[in-house]
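One structure below.
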Amino acid sequence: MLGIALALPAAFWVALESAERAAGGWTDGAARISLFLERDTGQAAVEARAAELAARPEIAGTETISPEQALATLRERSDFDAALELLDRNPLPPVIVARVSGERDPGAVAALAERLAEAPYVERMRLDQQWLERLHALVALAERALGVLTALLAVAVVLVVGNTIRLTIESRREEIGIVKLIGGSDGFVRRPFLYEGLGYGLAGGALAWALAEAVAEPLVE
């Protein structure tokens with residue numbers, strides 16, 4: 001019982017850590033910052049700005065979308081062909097999509113987006129990090145659940161150990177009485193129970209470590 005009670009929080013903690021590491025590697029789902037540049041920005045300036053952003057450590061990668069590409073995509077995904085034909089020129093601006101490193105929290109991503117929005121040639125910024133906020137909320141909920149589970153298991157262990165000691169003392173009441181009659185000290189009476197408790201604790205800890213290792217190995221892989 002001690003081994004399982006100690007192993008459960010450790011196993012859940014390992015699973016949570018594995019989930020966080022896996023989430024950090026979701027490059028396809030990383031938060032994206034879309035920077036809409038001024039319409040008259042040349043392609044060379046767009047590429048240079050994208051290269052500058054890609055060199056930043058907090059940016060995992062960039063993608064440039066030319067006005068022609070954006071217009072073609074709009075034609076494919078909408079029924080506005082007739083209306084678009086009436087336009088004298090392409091109204092869509094060049095866009096740089098910056099993919100943020102997946103391990104950053106929503107507050108840091110929002111601060112980064114605000115800084116990028118103040119850069120030259122940037123006319124408007126849009127931040128897409130709803131998935132990231134949900135992920136951090138789920139991780140925080142899991143951490144709180146793990147804390148509650150650990151506290152409940154700790155209380156259960158204390159209660160069970162205390163009840164076990166009480167039952168052991170009751171079963172040895174006559175033996176303890178005889179030891180006290182022949183002059184045995186309180187320390188002498190307590191010593192076997194302390195040794196027994198130490199043995200159970202070490203055995204439970206070793207079993208918990210073995211169970212946690214057995215559970216952690218497939219999760220880490």
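Residue numbering restarts at 1 in every chain; chains get A, B, ... in the order shown in the structure tokens, and ligands count up from 1 in that same order.
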Problem set entry | 10 Å contact set for A:Val46, only C-alpha atoms, chain neighbours under 4 positions out, as a list in words | Leu37, Glu38, Thr41, Gly42, Ala50, Ala51, Glu52, Thr64, Ile65, Ser66, Pro94, Val95, Ile96 and Tyr121 of chain A
Output file for the selection above: all heavy atoms, as a compact mmCIF listing (two decimals), in the first residue's frame:
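The resulting file, selection19.txt, is shown below:
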# COMPACT_ATOMS: atom_id res chain seq x y z
N LEU A 37 2.20 43.99 -43.41
CA LEU A 37 3.09 45.10 -43.73
C LEU A 37 2.38 46.15 -44.57
O LEU A 37 1.27 45.94 -45.07
CB LEU A 37 4.33 44.57 -44.47
CG LEU A 37 5.08 43.42 -43.78
CD1 LEU A 37 6.32 43.07 -44.57
CD2 LEU A 37 5.44 43.76 -42.34
N GLU A 38 3.04 47.27 -44.75
CA GLU A 38 2.50 48.32 -45.60
C GLU A 38 2.42 47.82 -47.04
O GLU A 38 3.26 47.07 -47.51
CB GLU A 38 3.38 49.56 -45.51
CG GLU A 38 3.43 50.15 -44.10
CD GLU A 38 4.45 51.27 -43.99
OE1 GLU A 38 5.16 51.51 -45.00
OE2 GLU A 38 4.53 51.90 -42.92
N THR A 41 5.39 47.98 -49.49
CA THR A 41 6.66 47.36 -49.09
C THR A 41 7.13 46.41 -50.18
O THR A 41 6.39 45.52 -50.61
CB THR A 41 6.50 46.59 -47.77
OG1 THR A 41 5.98 47.48 -46.77
CG2 THR A 41 7.83 46.05 -47.29
N GLY A 42 8.36 46.57 -50.63
CA GLY A 42 8.90 45.73 -51.68
C GLY A 42 9.18 44.32 -51.20
O GLY A 42 9.35 44.06 -49.99
N ALA A 50 11.73 39.21 -42.84
CA ALA A 50 11.46 37.82 -42.43
C ALA A 50 12.74 37.14 -41.95
O ALA A 50 12.73 36.38 -40.99
CB ALA A 50 10.85 37.05 -43.59
N ALA A 51 13.86 37.44 -42.63
CA ALA A 51 15.14 36.85 -42.20
C ALA A 51 15.55 37.38 -40.84
O ALA A 51 16.08 36.63 -40.00
CB ALA A 51 16.21 37.15 -43.25
N GLU A 52 15.31 38.65 -40.57
CA GLU A 52 15.62 39.22 -39.26
C GLU A 52 14.80 38.54 -38.16
O GLU A 52 15.33 38.23 -37.08
CB GLU A 52 15.36 40.73 -39.26
CG GLU A 52 16.29 41.53 -40.16
CD GLU A 52 15.91 42.99 -40.19
OE1 GLU A 52 14.99 43.38 -39.44
OE2 GLU A 52 16.53 43.75 -40.95
N THR A 64 6.57 33.99 -45.54
CA THR A 64 6.12 35.21 -46.19
C THR A 64 4.98 34.88 -47.16
O THR A 64 5.00 33.86 -47.85
CB THR A 64 7.27 35.88 -46.97
OG1 THR A 64 7.77 34.97 -47.95
CG2 THR A 64 8.39 36.27 -46.01
N ILE A 65 4.00 35.76 -47.19
CA ILE A 65 2.85 35.62 -48.09
C ILE A 65 2.75 36.91 -48.90
O ILE A 65 2.50 37.99 -48.35
CB ILE A 65 1.55 35.38 -47.31
CG1 ILE A 65 1.68 34.13 -46.44
CG2 ILE A 65 0.37 35.24 -48.26
CD1 ILE A 65 0.48 33.89 -45.54
N SER A 66 2.98 36.80 -50.19
CA SER A 66 2.91 37.97 -51.06
C SER A 66 1.46 38.37 -51.29
O SER A 66 0.54 37.55 -51.11
CB SER A 66 3.60 37.68 -52.39
OG SER A 66 2.89 36.68 -53.09
N PRO A 94 1.44 42.55 -48.13
CA PRO A 94 2.33 41.41 -47.85
C PRO A 94 2.27 41.06 -46.37
O PRO A 94 2.06 41.92 -45.51
CB PRO A 94 3.71 41.92 -48.26
CG PRO A 94 3.61 43.41 -48.19
CD PRO A 94 2.19 43.75 -48.52
N VAL A 95 2.43 39.78 -46.08
CA VAL A 95 2.29 39.29 -44.70
C VAL A 95 3.49 38.42 -44.35
O VAL A 95 3.99 37.65 -45.18
CB VAL A 95 0.99 38.47 -44.53
CG1 VAL A 95 0.84 37.99 -43.09
CG2 VAL A 95 -0.21 39.29 -44.96
N ILE A 96 3.95 38.58 -43.11
CA ILE A 96 4.97 37.69 -42.55
C ILE A 96 4.33 36.95 -41.39
O ILE A 96 3.81 37.58 -40.45
CB ILE A 96 6.20 38.47 -42.07
CG1 ILE A 96 6.87 39.21 -43.22
CG2 ILE A 96 7.20 37.51 -41.41
CD1 ILE A 96 8.05 40.06 -42.79
N TYR A 121 7.73 49.01 -41.11
CA TYR A 121 6.91 48.45 -42.19
C TYR A 121 5.66 47.73 -41.68
O TYR A 121 4.80 47.38 -42.49
CB TYR A 121 7.71 47.46 -43.05
CG TYR A 121 8.96 48.02 -43.66
CD1 TYR A 121 10.21 47.60 -43.24
CD2 TYR A 121 8.89 48.98 -44.67
CE1 TYR A 121 11.37 48.13 -43.80
CE2 TYR A 121 10.04 49.50 -45.24
CZ TYR A 121 11.27 49.07 -44.79
OH TYR A 121 12.41 49.59 -45.35
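Proximity to A:Asp40 was assessed for A:Ala208, A:Ala145, A:Ala111, A:Val122 counting only C-alpha atoms; the smallest distance is recorded for A:Val122.
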Selection near stretch 192-196 of chain A, 9 Å with only C-alpha atoms, sequence-local residues under 5 positions removed, as a compact mmCIF listing (two decimals) with all heavy atoms, in the first residue's frame:
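That gives us selection30.txt:
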# COMPACT_ATOMS: atom_id res chain seq x y z
N ILE A 165 -0.14 0.83 13.31
CA ILE A 165 0.64 0.85 14.56
C ILE A 165 -0.26 0.61 15.76
O ILE A 165 0.08 -0.13 16.70
CB ILE A 165 1.38 2.20 14.69
CG1 ILE A 165 2.44 2.32 13.59
CG2 ILE A 165 2.01 2.34 16.06
CD1 ILE A 165 3.14 3.66 13.56
N THR A 168 -1.10 -3.01 15.92
CA THR A 168 0.07 -3.78 16.34
C THR A 168 0.29 -3.67 17.84
O THR A 168 0.60 -4.66 18.52
CB THR A 168 1.31 -3.30 15.58
OG1 THR A 168 1.09 -3.39 14.17
CG2 THR A 168 2.52 -4.14 15.93
N ILE A 169 0.11 -2.47 18.36
CA ILE A 169 0.27 -2.28 19.82
C ILE A 169 -0.80 -3.06 20.57
O ILE A 169 -0.52 -3.69 21.61
CB ILE A 169 0.21 -0.77 20.15
CG1 ILE A 169 1.44 -0.06 19.58
CG2 ILE A 169 0.13 -0.56 21.66
CD1 ILE A 169 1.40 1.44 19.75
N GLY A 201 8.91 1.62 5.71
CA GLY A 201 9.15 2.83 4.92
C GLY A 201 10.17 2.60 3.82
O GLY A 201 9.97 3.03 2.67
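The space between atom CA of A:Glu170 and atom CA of A:Tyr200 spans 18.8 Å.
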Problem set entry | stretch 45-131 of chain A: residues DSSP assigns to alpha helix (DSSP H), reported as a ChimeraX atom specification | /A:45-54,67-77,81-85,106-117,130-131
